[in-house]
$ cat query.cif   # mmCIF, C-alpha atoms and all ligand atoms
data_start
loop_
_atom_site.label_atom_id
_atom_site.label_comp_id
_atom_site.auth_asym_id
_atom_site.auth_seq_id
_atom_site.Cartn_x
_atom_site.Cartn_y
_atom_site.Cartn_z
CA MET A 208 268.35 172.36 -98.58
CA LYS A 209 265.86 171.76 -101.36
CA ALA A 210 265.63 172.93 -104.98
CA LEU A 211 262.64 173.52 -107.23
CA CYS A 212 263.60 173.09 -110.89
CA ILE A 213 261.32 174.46 -113.61
CA ILE A 214 261.85 173.43 -117.22
CA GLY A 215 259.98 175.95 -119.39
CA SER A 216 260.11 173.72 -122.46
CA PRO A 217 257.38 171.42 -123.77
CA ASN A 218 260.17 168.80 -124.04
CA ASN A 219 260.80 166.75 -120.94
CA ASN A 220 263.95 165.28 -122.52
CA GLY A 221 265.16 168.20 -124.62
CA SER A 222 268.28 170.35 -124.42
CA THR A 223 266.96 172.66 -121.68
CA ALA A 224 265.96 169.67 -119.55
CA TYR A 225 269.42 168.15 -120.08
CA ILE A 226 271.17 171.26 -118.72
CA VAL A 227 268.78 171.46 -115.75
CA ASP A 228 269.35 167.75 -115.05
CA LYS A 229 273.13 168.31 -114.99
CA ILE A 230 272.66 170.99 -112.30
CA ILE A 231 270.41 168.55 -110.39
CA GLU A 232 273.14 165.89 -110.67
CA GLY A 233 275.72 168.33 -109.26
CA MET A 234 273.42 169.43 -106.42
CA LYS A 235 272.74 165.79 -105.49
CA GLU A 236 276.47 165.35 -104.84
CA CYS A 237 276.22 167.90 -102.04
CA GLY A 238 273.02 166.46 -100.59
CA ILE A 239 270.47 168.83 -102.13
CA ASP A 240 267.14 167.24 -103.03
CA SER A 241 265.40 168.51 -106.15
CA ARG A 242 261.85 168.56 -107.36
CA ARG A 243 261.69 168.91 -111.14
CA TYR A 244 258.75 170.04 -113.26
CA CYS A 245 258.59 170.23 -117.05
CA LEU A 246 255.92 172.88 -117.63
CA GLY A 247 254.91 171.29 -120.94
CA LYS A 248 253.72 168.25 -118.98
CA GLN A 249 251.75 170.26 -116.42
CA LYS A 250 248.19 171.50 -116.64
CA ILE A 251 248.51 175.21 -115.86
CA ASN A 252 245.78 177.56 -117.02
CA TYR A 253 246.39 181.11 -118.21
CA CYS A 254 246.01 183.88 -115.65
CA LEU A 255 242.40 185.10 -115.88
CA GLY A 256 243.37 188.67 -115.07
CA CYS A 257 240.55 188.79 -112.50
CA LYS A 258 242.93 190.30 -109.90
CA LYS A 259 241.14 188.46 -107.06
CA CYS A 260 244.63 187.50 -105.86
CA TYR A 261 245.30 191.25 -105.42
CA LYS A 262 242.61 191.20 -102.71
CA GLU A 263 242.80 187.70 -101.30
CA GLY A 264 246.41 186.68 -101.93
CA ILE A 265 245.39 183.40 -103.57
CA CYS A 266 244.42 182.35 -107.08
CA VAL A 267 240.83 181.36 -107.84
CA GLN A 268 242.02 178.58 -110.17
CA LYS A 269 242.83 175.04 -109.10
CA ASP A 270 245.32 173.19 -111.28
CA ASP A 271 248.89 171.88 -111.24
CA MET A 272 250.18 175.25 -109.96
CA ASP A 273 249.02 174.23 -106.47
CA GLU A 274 251.53 171.38 -106.23
CA ILE A 275 254.34 173.47 -107.75
CA ILE A 276 253.70 176.29 -105.26
CA GLU A 277 253.71 173.82 -102.34
CA ASN A 278 257.18 172.76 -103.47
CA TYR A 279 258.19 176.37 -104.06
CA LYS A 280 257.35 177.18 -100.44
CA SER A 281 259.69 174.53 -99.08
CA SER A 282 262.54 175.24 -101.54
CA ASP A 283 265.65 177.31 -100.95
CA ILE A 284 266.86 177.21 -104.55
CA ILE A 285 264.76 177.99 -107.64
CA ILE A 286 266.17 176.91 -111.00
CA ILE A 287 264.43 178.09 -114.16
CA GLY A 288 265.46 177.05 -117.66
CA THR A 289 263.79 177.86 -120.97
CA PRO A 290 264.45 177.48 -124.66
CA ASP A 291 264.36 180.67 -126.71
CA TYR A 292 260.99 180.96 -128.47
CA TRP A 293 260.81 184.04 -130.69
CA GLY A 294 263.49 185.82 -128.75
CA ASP A 295 261.72 185.31 -125.45
CA VAL A 296 260.77 182.74 -122.80
CA THR A 297 258.30 180.03 -123.89
CA GLY A 298 254.57 180.65 -123.54
CA GLN A 299 254.50 177.93 -120.87
CA LEU A 300 257.04 179.79 -118.73
CA LYS A 301 255.28 183.13 -119.20
CA VAL A 302 252.00 181.59 -118.00
CA PHE A 303 253.87 180.20 -114.97
CA PHE A 304 255.23 183.70 -114.18
CA ASP A 305 251.74 185.20 -114.51
CA ARG A 306 250.31 182.58 -112.15
CA CYS A 307 252.90 183.51 -109.50
CA THR A 308 251.23 186.95 -109.15
CA PRO A 309 249.60 185.99 -105.79
CA TYR A 310 253.12 185.64 -104.33
CA ALA A 311 254.94 188.56 -106.00
CA ASN A 312 256.01 191.69 -104.14
CA THR A 313 253.84 193.72 -106.55
CA ASN A 314 250.82 192.24 -104.76
CA ASN A 315 249.92 194.15 -101.56
CA ASN A 316 247.98 191.18 -100.19
CA ARG A 317 250.43 188.51 -101.21
CA ILE A 318 251.07 185.49 -99.10
CA ASN A 319 254.53 186.35 -97.88
CA MET A 320 256.73 183.33 -98.40
CA LYS A 321 259.49 184.83 -96.31
CA LYS A 322 262.20 182.18 -96.70
CA LYS A 323 265.37 183.42 -98.44
CA ARG A 324 265.64 181.86 -101.89
CA TYR A 325 268.42 181.75 -104.47
CA GLY A 326 267.94 181.49 -108.22
CA ILE A 327 269.65 180.17 -111.31
CA SER A 328 268.50 181.02 -114.84
CA ILE A 329 269.17 179.09 -118.05
CA SER A 330 268.47 179.97 -121.68
CA VAL A 331 269.03 177.66 -124.66
CA ARG A 332 268.73 178.84 -128.27
CA GLU A 333 269.35 177.78 -131.83
CA GLY A 334 270.76 181.10 -133.05
CA LYS A 335 274.41 182.06 -132.90
CA THR A 336 274.64 185.14 -130.73
CA GLU A 337 274.11 185.62 -126.99
CA ARG A 338 271.79 188.59 -127.64
CA GLU A 339 268.41 186.82 -127.29
CA ASN A 340 269.64 184.72 -124.37
CA ILE A 341 270.59 187.93 -122.54
CA VAL A 342 267.00 189.20 -122.97
CA ILE A 343 265.65 185.86 -121.70
CA LEU A 344 267.99 185.63 -118.70
CA ASN A 345 266.99 189.22 -117.81
CA SER A 346 263.34 188.22 -118.05
CA ILE A 347 263.86 185.32 -115.62
CA GLU A 348 265.82 187.63 -113.29
CA HIS A 349 262.97 190.15 -113.49
CA TYR A 350 260.70 187.38 -112.18
CA PHE A 351 263.29 186.56 -109.49
CA GLY A 352 263.28 190.24 -108.44
CA HIS A 353 259.52 190.33 -107.83
CA MET A 354 259.64 186.96 -106.05
CA GLU A 355 262.58 188.25 -103.96
CA ILE A 356 264.78 185.40 -105.15
CA LEU A 357 268.48 186.34 -105.19
CA PRO A 358 270.18 185.40 -108.48
CA ILE A 359 273.40 183.39 -108.01
CA GLY A 360 274.15 182.13 -111.51
CA SER A 361 273.08 181.72 -115.11
CA ILE A 362 273.86 179.57 -118.13
CA SER A 363 273.53 180.59 -121.77
CA VAL A 364 273.68 177.98 -124.54
CA THR A 365 273.61 178.99 -128.23
CA GLN A 366 273.58 177.04 -131.52
CA THR A 367 271.46 174.24 -130.08
CA SER A 368 268.41 172.97 -131.86
CA THR A 369 268.37 169.44 -130.45
CA ILE A 370 269.80 167.48 -127.56
CA ASP A 371 272.25 165.92 -130.04
CA ASP A 372 273.63 169.41 -130.88
CA LEU A 373 274.01 170.03 -127.19
CA LYS A 374 275.94 166.82 -126.51
CA LYS A 375 278.08 167.20 -129.63
CA ASN A 376 279.06 170.88 -129.36
CA HIS A 377 278.51 172.00 -125.79
CA GLN A 378 280.39 169.70 -123.43
CA LYS A 379 281.80 172.81 -121.71
CA GLU A 380 278.34 174.20 -120.89
CA ILE A 381 277.21 170.73 -119.75
CA GLN A 382 280.22 170.55 -117.42
CA ASP A 383 279.59 174.15 -116.26
CA ALA A 384 276.00 173.17 -115.35
CA TYR A 385 277.20 170.19 -113.31
CA GLU A 386 279.85 172.32 -111.54
CA LEU A 387 277.27 175.04 -110.83
CA GLY A 388 275.12 172.45 -109.08
CA LYS A 389 278.06 171.03 -107.18
CA ASN A 390 279.21 174.47 -105.99
CA ILE A 391 275.79 175.84 -105.20
CA ILE A 392 276.23 175.98 -101.43
CA LYS A 393 279.47 177.96 -101.89
CA LEU A 394 277.65 180.37 -104.24
CA ILE A 395 274.83 180.82 -101.72
CA ASN A 396 277.30 181.51 -98.92
CA GLU A 397 279.09 184.11 -101.08
CA LYS A 398 275.73 185.77 -101.84
CA LYS A 399 274.91 185.88 -98.11
CA LYS A 400 278.07 187.97 -97.54
CA ASP A 401 276.98 190.63 -100.13
C1 LIG A 501 258.22 177.79 -131.53
C2 LIG A 501 259.72 177.90 -131.53
C3 LIG A 501 260.30 179.14 -131.59
C4 LIG A 501 261.69 179.27 -131.58
N1 LIG A 501 262.24 180.52 -131.63
C5 LIG A 501 263.60 180.66 -131.60
C6 LIG A 501 264.19 181.95 -131.65
O1 LIG A 501 263.51 182.97 -131.74
N2 LIG A 501 265.54 182.03 -131.59
C7 LIG A 501 266.34 180.93 -131.49
O2 LIG A 501 267.56 181.07 -131.43
N3 LIG A 501 265.81 179.68 -131.40
C8 LIG A 501 264.46 179.52 -131.48
N4 LIG A 501 263.89 178.26 -131.40
C9 LIG A 501 264.77 177.08 -131.24
C10 LIG A 501 264.84 176.58 -129.79
O3 LIG A 501 265.24 177.61 -128.91
C11 LIG A 501 265.85 175.41 -129.70
O4 LIG A 501 265.49 174.40 -130.59
C12 LIG A 501 265.98 174.84 -128.30
O5 LIG A 501 267.16 174.10 -128.23
C13 LIG A 501 264.85 173.90 -127.91
O6 LIG A 501 265.00 173.53 -126.56
P1 LIG A 501 264.38 172.18 -125.96
O7 LIG A 501 265.12 171.04 -126.62
O8 LIG A 501 264.63 172.27 -124.51
O9 LIG A 501 262.92 172.17 -126.27
C14 LIG A 501 262.51 178.11 -131.46
C15 LIG A 501 261.90 176.84 -131.40
C16 LIG A 501 260.51 176.73 -131.44
C17 LIG A 501 259.89 175.35 -131.38
#

$ encode --input "query.cif" --output "structure tokens" --more "lines below"
Ligand SMILES: Cc1cc2nc3c(=O)[nH]c(=O)nc-3n(C[C@H](O)[C@H](O)[C@H](O)COP(=O)(O)O)c2cc1C
Amino acid sequence: MKALCIIGSPNNNGSTAYIVDKIIEGMKECGIDSRRYCLGKQKINYCLGCKKCYKEGICVQKDDMDEIIENYKSSDIIIIGTPDYWGDVTGQLKVFFDRCTPYANTNNNRINMKKKRYGISISVREGKTERENIVILNSIEHYFGHMEILPIGSISVTQTSTIDDLKKNHQKEIQDAYELGKNIIKLINEKKKD
């Protein structure tokens, strides 16, 4: 099995990346290879809204999305983490979602990437309550729905502005992320029985 891990933050070594890396560490223990992308380090243009992908099933633009999609195609597990920006996913992650339109089930001429895929969503925020994280996790799961990725888990971290906050106050969530990675095959097998 293979996992594609998307960090929606501009920070390659921030709190969101740290949680995603703990899941990767757990998955490695059970032999799952991961490919990790920090969207802030990728060159991904905005969707042009030209809708050519509605007719041809591919995007007219050539940028770092091509490599990510190649890895998407061969992955069984899709992990998406984002910090809360203004109560929502980051702009980088939203652009990534938009650029997946050629492959979404809303596109009649999509390239059908038939493989069954399983998804995990992560939201990290500075504020106290879960409220905004719930909106964000729903937004990632909305993307999963149109990509026909079956959700198998999520992680919500609050009161985290920096990686130091995360390490100081959220050892439980860090451990949960590692365990989620380690138990991922079990979670997939449970989902298959649904
Ligand atoms: C532009 C911007 C907008 C933000 N908006 C919110 C917000 O609406 N609510 C919140 O709780 N935290 C907000 N934050 C804080 C981040 O969610 C928080 O610092 C997060 O831990 C950063 O994750 P990272 O280390 O992975 O980049 C915002 C941060 C930035 C830079």

$ residues_near_ligand --input "query.cif" --ligand "ligand LIG 501 (chain A)" --cutoff "9 Å" --atoms "all atoms listed in the file" --output "VMD selection string"
chain A and resid 214 to 226 288 to 295 297 330 to 336 339 to 340 364 to 370 372 to 373

$ closest_residue --input "query.cif" --among "A:Lys399, A:Phe303, A:Ser361, A:Leu255" --to "Asp383 in chain A" --atoms "all atoms listed in the file"
A:Ser361

$ closest_atom_pairs --input "query.cif" --of "range 250-329 of chain A" --to "range 393-398 of chain A" --cutoff "10 Å" --atoms "only C-alpha atoms" --output "JSON lines"
{"residue": "A:Asp283", "atom": "CA", "partner": "A:Ile395", "partner_atom": "CA", "distance": 9.9}
{"residue": "A:Ile284", "atom": "CA", "partner": "A:Ile395", "partner_atom": "CA", "distance": 9.2}
{"residue": "A:Arg324", "atom": "CA", "partner": "A:Ile395", "partner_atom": "CA", "distance": 9.3}
{"residue": "A:Tyr325", "atom": "CA", "partner": "A:Ile395", "partner_atom": "CA", "distance": 7.0}
{"residue": "A:Gly326", "atom": "CA", "partner": "A:Ile395", "partner_atom": "CA", "distance": 9.5}

$ write_last_selection --input "query.cif" --atoms "C-alpha atoms" --output "CSV table (one decimal), keeping the file's coordinate frame"
chain,number,residue,atom,x,y,z
A,283,ASP,CA,265.6,177.3,-101.0
A,284,ILE,CA,266.9,177.2,-104.6
A,324,ARG,CA,265.6,181.9,-101.9
A,325,TYR,CA,268.4,181.8,-104.5
A,326,GLY,CA,267.9,181.5,-108.2

$ residues_around --input "query.cif" --residues "Asn315 in chain A" --least-positions-apart "3" --cutoff "9 Å" --atoms "all atoms listed in the file" --output "ChimeraX atom specification"
/A:261-262,264,311-312

$ closest_residue --input "query.cif" --among "A:Cys260, A:Leu387, A:Val302, A:Ile381" --to "Tyr350 in chain A" --atoms "only C-alpha atoms"
A:Val302

$ atom_distance --input "query.cif" --atom1 "CA of Cys212 in chain A" --atom2 "CA of Asp273 in chain A"
15.3 Å

$ closest_residue --input "query.cif" --among "A:Gln299, A:Ser241, A:Ser346, A:Ser328" --to "Asn278 in chain A" --atoms "only C-alpha atoms"
A:Ser241

$ closest_residue --input "query.cif" --among "A:Tyr279, A:Ile265, A:Ile347, A:Tyr310" --to "Val296 in chain A" --atoms "only C-alpha atoms"
A:Ile347

$ closest_residue --input "query.cif" --among "A:His349, A:Lys322, A:Arg242, A:Lys379" --to "Ile275 in chain A" --atoms "only C-alpha atoms"
A:Arg242

$ atom_distance --input "query.cif" --atom1 "CA of Lys209 in chain A" --atom2 "CA of Met354 in chain A"
17.1 Å

$ axis_aligned_box --input "query.cif" --around "range 247-252 of chain A" --padding-each-side "4 Å" --output "lines of an AutoDock Vina configuration file"
center_x = 250.3
center_y = 172.9
center_z = -118.4
size_x = 17.1
size_y = 17.3
size_z = 13.1

$ atom_distance --input "query.cif" --atom1 "CA of Cys254 in chain A" --atom2 "CA of Glu274 in chain A"
16.6 Å

$ closest_residue --input "query.cif" --among "A:Gly388, A:Cys307, A:Ile276, A:Val267" --to "Asp240 in chain A" --atoms "only C-alpha atoms"
A:Gly388
